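Notes follow once the structure below has been shown.
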Amino acid sequence: MGLKEKLHNIKEKGQGKKWLPAFSAFHTFLYTPNETTHSGGHVRAADDLKRTMNTVVLALIPCLIFGMFNTGFQHYEAIGEPVDFLSWEALSLGLIKILPLVVVSYVVGLGVEFIFAIIKGHEVEEGYLVTGMLVPLIVPVDIPLWMLAVAVIFGVVIGKEVFGGTGMNILNPALTIRAFLFFAYPTWMSGDKVWVEGAVERANEIAGGANLDAISGETILGTLAQGNEVAYSVSDMFFGFIPGSVGETSTFLILLAGLFLIFSKIGSWRIMLSSVVGALVMGLLFNGVVDAGWIKESSGFYSLMSTEFWHHLLIGGFAFGVVFMATDPVTASQTNKGKWIYGFLIGFISILIRVFNPAYPEGVMLAILLMNVFAPTIDHYVVQGNVKRRLKRLKAKTV
Amino acid sequence: MEHLELFFKAIFVDNMVFATFLGMCSYLAVSKKVSTAVGLGAAVIFVMAITVPLNWLLDQYILKDGALVWLGEEYAAYDLSFLSFIMFIATIATMVQLVEIIVEKFSPSLYNSLGIFLPLIAVNCAILGGSLFMQSREIETLGLAFNYGISSGIGWFLAILAIAAIREKIRYSNVPAPLRGLGITFIITGLMAIGFMSFGGMLTGGDEEEATEQTVVKVEEVENATDVAINEKEIIE
């Protein structure tokens, strides 16, 4: 008797037991379920929710691995003992720092999901597969694990489960988790000390009187916001050899992942394209303001405004947010016209926040959350518009 | 520029609902359907656009310390600002009556769906809040007061519109029974406020912005002003 049949037998015996949802989650993860729906419409499709989610996770893996190399690379660069990017030293440090983040994210998040599934007596939902992978990629590498755990619990319970679970949430859970961290523990989430492994500890030791050089690992946006020169070349920005959250730095890999998502028809190309257009328009507007001389060089906004408009796509978390978060099918606009508006505003507002809001160097997270709030409104008006147009057409026909 | 800044600030940065959490009662109660929410939101914009400038006039020429000086020198010492609550509420209540009469005449269906909440606009804290903020933030001209009234109203309108659309969307969600209705609405409001925090802190450190408007002649003056502003900021912190 094979494993498949054994599992199936266990499932038969476990009918009505409390632990069944938890068990069948593992079961369906390994094998396609051997049941069909009993009522309602039937749609035959090769991809179910789990496959969809796995595709996104697959697209995220290169970013994760790159993030591991980059963590080590940035660390050794900052302490003045540079190593090769593709070296074991870099990778091993990255593994030690990042694997715990992934494990905590999945264990805590899936734990909450399992508890809710058992209480509510329904199947475990797959929604956390992607969120759990996104979370470690959008936090600074040095974040304490307990903070991550608290934020994950908040994000999954308040951001998702209270609305009824996967597919019902209003805000993107991964971004809810990040926003929680950002507002609850700002010292761990922003500034120039958190983006390189070991920088915070080093700063504390120096404050305690140790004779060491401080590590400065400012992100490009942080540097620009203070009006300083950026030390990285455009190709560094594009390929991602820069400090930042774990998985967001390599625009190149994110671009590949984006193409992969578009070709597998899982990410919406409308949202990605319109976000990029929105960001470029805003960037061009600001460049125009600078060219027209409406802003003085002494202004605090000058250096971010004068950043070439297409650089905005390469620096910060813009690319990552647009490809993986803005396209979240649950919280984005559902209608095609709505997707254009939604994406455009995300790009537009994130650059606006970047340049004009001194409190936040990066605006993508909050721009996406804000547009998540307004996505149902956009959809409502798009749908109403369609209804009105059709009514008019109908009237014209009957007359 | 000044107008634009105030407009943007009142809608997004100091949003009535998400930054100051005012006007929650009707915001929570009338946000089940988008169409009614739009109706109420429009009524709030209208009432605020009239009451804030009216109250500004009252404040400038009757209530403020020394405002009565136009009656004659002997009145210069009077400070009637302790009357502002009563005066503001009286203006608002009158205006709401007017709106009620107009809505009943022109849109009976909206009148019926708004029900008790239309007269209750009179005690909508967002509207009194608008007038009081106008007073405490010392808005300088009638035009700015009008702008402030309209834009705060629009901010409130956007908030109720967004939550109404969200509530329509989650109508069929499997929300846990104890949270259905108001409970989940409170949670949504909190999450929406996180979204609106994207604008928090914007335009508050406006030193540089002011500097950009000044002509070159005034540069020195502006630098002094900036110093003063920075000092003030430090003192506050």
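By convention here, the chains of the structure tokens are called A, B, ... in the order presented, each chain's residues are numbered starting at 1, and ligands are numbered starting at 1 in the order presented.
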Give me, as a Markdown table, each residue of chain B that comes within 7 Å of chain A, together with its shortest interatomic pair and the distance in Å at one decimal, counting only C-alpha atoms, with rows ordered by chain and rising residue number.
```
| residue | atom | partner | partner_atom | distance |
| --- | --- | --- | --- | --- |
| B:Leu161 | CA | A:Thr377 | CA | 7.0 |
| B:Ala162 | CA | A:Thr377 | CA | 5.6 |
| B:Ala165 | CA | A:Thr377 | CA | 5.1 |
| B:Ile166 | CA | A:Pro376 | CA | 5.6 |
| B:Lys169 | CA | A:Pro376 | CA | 6.8 |
| B:Ile170 | CA | A:Met168 | CA | 6.9 |
| B:Ser173 | CA | A:Gly164 | CA | 5.9 |
| B:Asn174 | CA | A:Gly164 | CA | 4.4 |
| B:Val175 | CA | A:Gly164 | CA | 4.6 |
| B:Pro176 | CA | A:Val162 | CA | 6.4 |
| B:Met192 | CA | A:Val373 | CA | 6.0 |
| B:Gly195 | CA | A:Leu370 | CA | 4.2 |
| B:Phe196 | CA | A:Leu370 | CA | 6.1 |
| B:Ser198 | CA | A:Leu366 | CA | 5.1 |
| B:Gly201 | CA | A:Ala359 | CA | 5.8 |
| B:Met202 | CA | A:Asn357 | CA | 4.6 |
| B:Glu208 | CA | A:Ser299 | CA | 5.1 |
| B:Thr212 | CA | A:Ile295 | CA | 5.4 |
```
Store the residues picked out above, limited to N, CA, C and O atoms, as a PDB file, in the first residue's frame.
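The file below, out_5.pdb, is the result:
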```pdb
ATOM      1  N   LEU B 161     -17.019  57.171   1.490  1.00  0.00           N
ATOM      2  CA  LEU B 161     -17.170  56.493   0.197  1.00  0.00           C
ATOM      3  C   LEU B 161     -16.354  55.201   0.186  1.00  0.00           C
ATOM      4  O   LEU B 161     -16.838  54.136  -0.186  1.00  0.00           O
ATOM      5  N   ALA B 162     -15.091  55.307   0.631  1.00  0.00           N
ATOM      6  CA  ALA B 162     -14.217  54.129   0.602  1.00  0.00           C
ATOM      7  C   ALA B 162     -14.753  53.043   1.510  1.00  0.00           C
ATOM      8  O   ALA B 162     -14.794  51.863   1.135  1.00  0.00           O
ATOM      9  N   ALA B 165     -17.808  51.302   0.023  1.00  0.00           N
ATOM     10  CA  ALA B 165     -17.462  50.343  -1.029  1.00  0.00           C
ATOM     11  C   ALA B 165     -16.878  49.078  -0.426  1.00  0.00           C
ATOM     12  O   ALA B 165     -17.190  47.963  -0.861  1.00  0.00           O
ATOM     13  N   ILE B 166     -16.037  49.234   0.602  1.00  0.00           N
ATOM     14  CA  ILE B 166     -15.455  48.046   1.233  1.00  0.00           C
ATOM     15  C   ILE B 166     -16.538  47.214   1.899  1.00  0.00           C
ATOM     16  O   ILE B 166     -16.568  45.989   1.785  1.00  0.00           O
ATOM     17  N   LYS B 169     -18.318  45.262  -0.495  1.00  0.00           N
ATOM     18  CA  LYS B 169     -17.501  44.149  -0.985  1.00  0.00           C
ATOM     19  C   LYS B 169     -17.487  42.988   0.003  1.00  0.00           C
ATOM     20  O   LYS B 169     -17.526  41.830  -0.400  1.00  0.00           O
ATOM     21  N   ILE B 170     -17.433  43.297   1.298  1.00  0.00           N
ATOM     22  CA  ILE B 170     -17.312  42.198   2.269  1.00  0.00           C
ATOM     23  C   ILE B 170     -18.673  41.700   2.734  1.00  0.00           C
ATOM     24  O   ILE B 170     -18.759  40.942   3.689  1.00  0.00           O
ATOM     25  N   SER B 173     -18.598  38.072   2.851  1.00  0.00           N
ATOM     26  CA  SER B 173     -17.445  37.436   3.489  1.00  0.00           C
ATOM     27  C   SER B 173     -17.886  36.702   4.736  1.00  0.00           C
ATOM     28  O   SER B 173     -18.873  37.073   5.383  1.00  0.00           O
ATOM     29  N   ASN B 174     -17.104  35.672   5.062  1.00  0.00           N
ATOM     30  CA  ASN B 174     -17.432  34.856   6.217  1.00  0.00           C
ATOM     31  C   ASN B 174     -16.792  35.454   7.467  1.00  0.00           C
ATOM     32  O   ASN B 174     -15.881  34.896   8.045  1.00  0.00           O
ATOM     33  N   VAL B 175     -17.300  36.615   7.860  1.00  0.00           N
ATOM     34  CA  VAL B 175     -16.746  37.285   9.035  1.00  0.00           C
ATOM     35  C   VAL B 175     -17.227  36.540  10.280  1.00  0.00           C
ATOM     36  O   VAL B 175     -18.390  36.151  10.343  1.00  0.00           O
ATOM     37  N   PRO B 176     -16.332  36.317  11.272  1.00  0.00           N
ATOM     38  CA  PRO B 176     -16.763  35.629  12.498  1.00  0.00           C
ATOM     39  C   PRO B 176     -17.976  36.339  13.110  1.00  0.00           C
ATOM     40  O   PRO B 176     -18.007  37.566  13.175  1.00  0.00           O
ATOM     41  N   MET B 192      -7.820  51.127   7.408  1.00  0.00           N
ATOM     42  CA  MET B 192      -7.822  52.224   6.438  1.00  0.00           C
ATOM     43  C   MET B 192      -6.956  53.369   6.930  1.00  0.00           C
ATOM     44  O   MET B 192      -6.255  54.022   6.155  1.00  0.00           O
ATOM     45  N   GLY B 195      -3.545  52.935   5.948  1.00  0.00           N
ATOM     46  CA  GLY B 195      -3.331  53.363   4.567  1.00  0.00           C
ATOM     47  C   GLY B 195      -3.171  54.872   4.474  1.00  0.00           C
ATOM     48  O   GLY B 195      -2.307  55.378   3.766  1.00  0.00           O
ATOM     49  N   PHE B 196      -3.997  55.591   5.234  1.00  0.00           N
ATOM     50  CA  PHE B 196      -3.942  57.048   5.157  1.00  0.00           C
ATOM     51  C   PHE B 196      -2.721  57.624   5.854  1.00  0.00           C
ATOM     52  O   PHE B 196      -2.399  58.799   5.681  1.00  0.00           O
ATOM     53  N   SER B 198       0.052  57.146   5.037  1.00  0.00           N
ATOM     54  CA  SER B 198       1.063  57.444   4.018  1.00  0.00           C
ATOM     55  C   SER B 198       1.265  58.943   3.868  1.00  0.00           C
ATOM     56  O   SER B 198       2.317  59.392   3.449  1.00  0.00           O
ATOM     57  N   GLY B 201       2.580  63.477   8.260  1.00  0.00           N
ATOM     58  CA  GLY B 201       3.893  64.118   8.300  1.00  0.00           C
ATOM     59  C   GLY B 201       4.212  64.896   7.047  1.00  0.00           C
ATOM     60  O   GLY B 201       5.188  65.633   6.999  1.00  0.00           O
ATOM     61  N   MET B 202       3.397  64.729   6.012  1.00  0.00           N
ATOM     62  CA  MET B 202       3.652  65.497   4.792  1.00  0.00           C
ATOM     63  C   MET B 202       3.255  66.944   5.018  1.00  0.00           C
ATOM     64  O   MET B 202       2.292  67.221   5.733  1.00  0.00           O
ATOM     65  N   GLU B 208      10.972  74.349   3.734  1.00  0.00           N
ATOM     66  CA  GLU B 208      11.565  74.392   2.413  1.00  0.00           C
ATOM     67  C   GLU B 208      10.537  74.807   1.367  1.00  0.00           C
ATOM     68  O   GLU B 208      10.834  75.546   0.458  1.00  0.00           O
ATOM     69  N   THR B 212      10.619  77.919  -1.395  1.00  0.00           N
ATOM     70  CA  THR B 212      10.581  77.849  -2.848  1.00  0.00           C
ATOM     71  C   THR B 212       9.701  78.929  -3.447  1.00  0.00           C
ATOM     72  O   THR B 212       9.912  79.347  -4.567  1.00  0.00           O
TER      73      THR B 212
END
```
### Task
Mind listing the alpha helix (DSSP H) residues of range 47-227 of chain A, per DSSP on the backbone, as number ranges by chain?
A: 49-78, 88-120, 128-137, 145-157, 173-184, 186-189, 199-207, 220-225
The distance between CA of Arg180 in chain B and CA of Ile163 in chain B is 14.8 Å
TODO: Write out as an MDAnalysis selection string each polymer residue whose atoms come within 7 Å of His75 in chain A, counting only C-alpha atoms; drop sequence neighbours fewer than 4 positions from it.
DONE: chainID A and resid 71 79 196:197
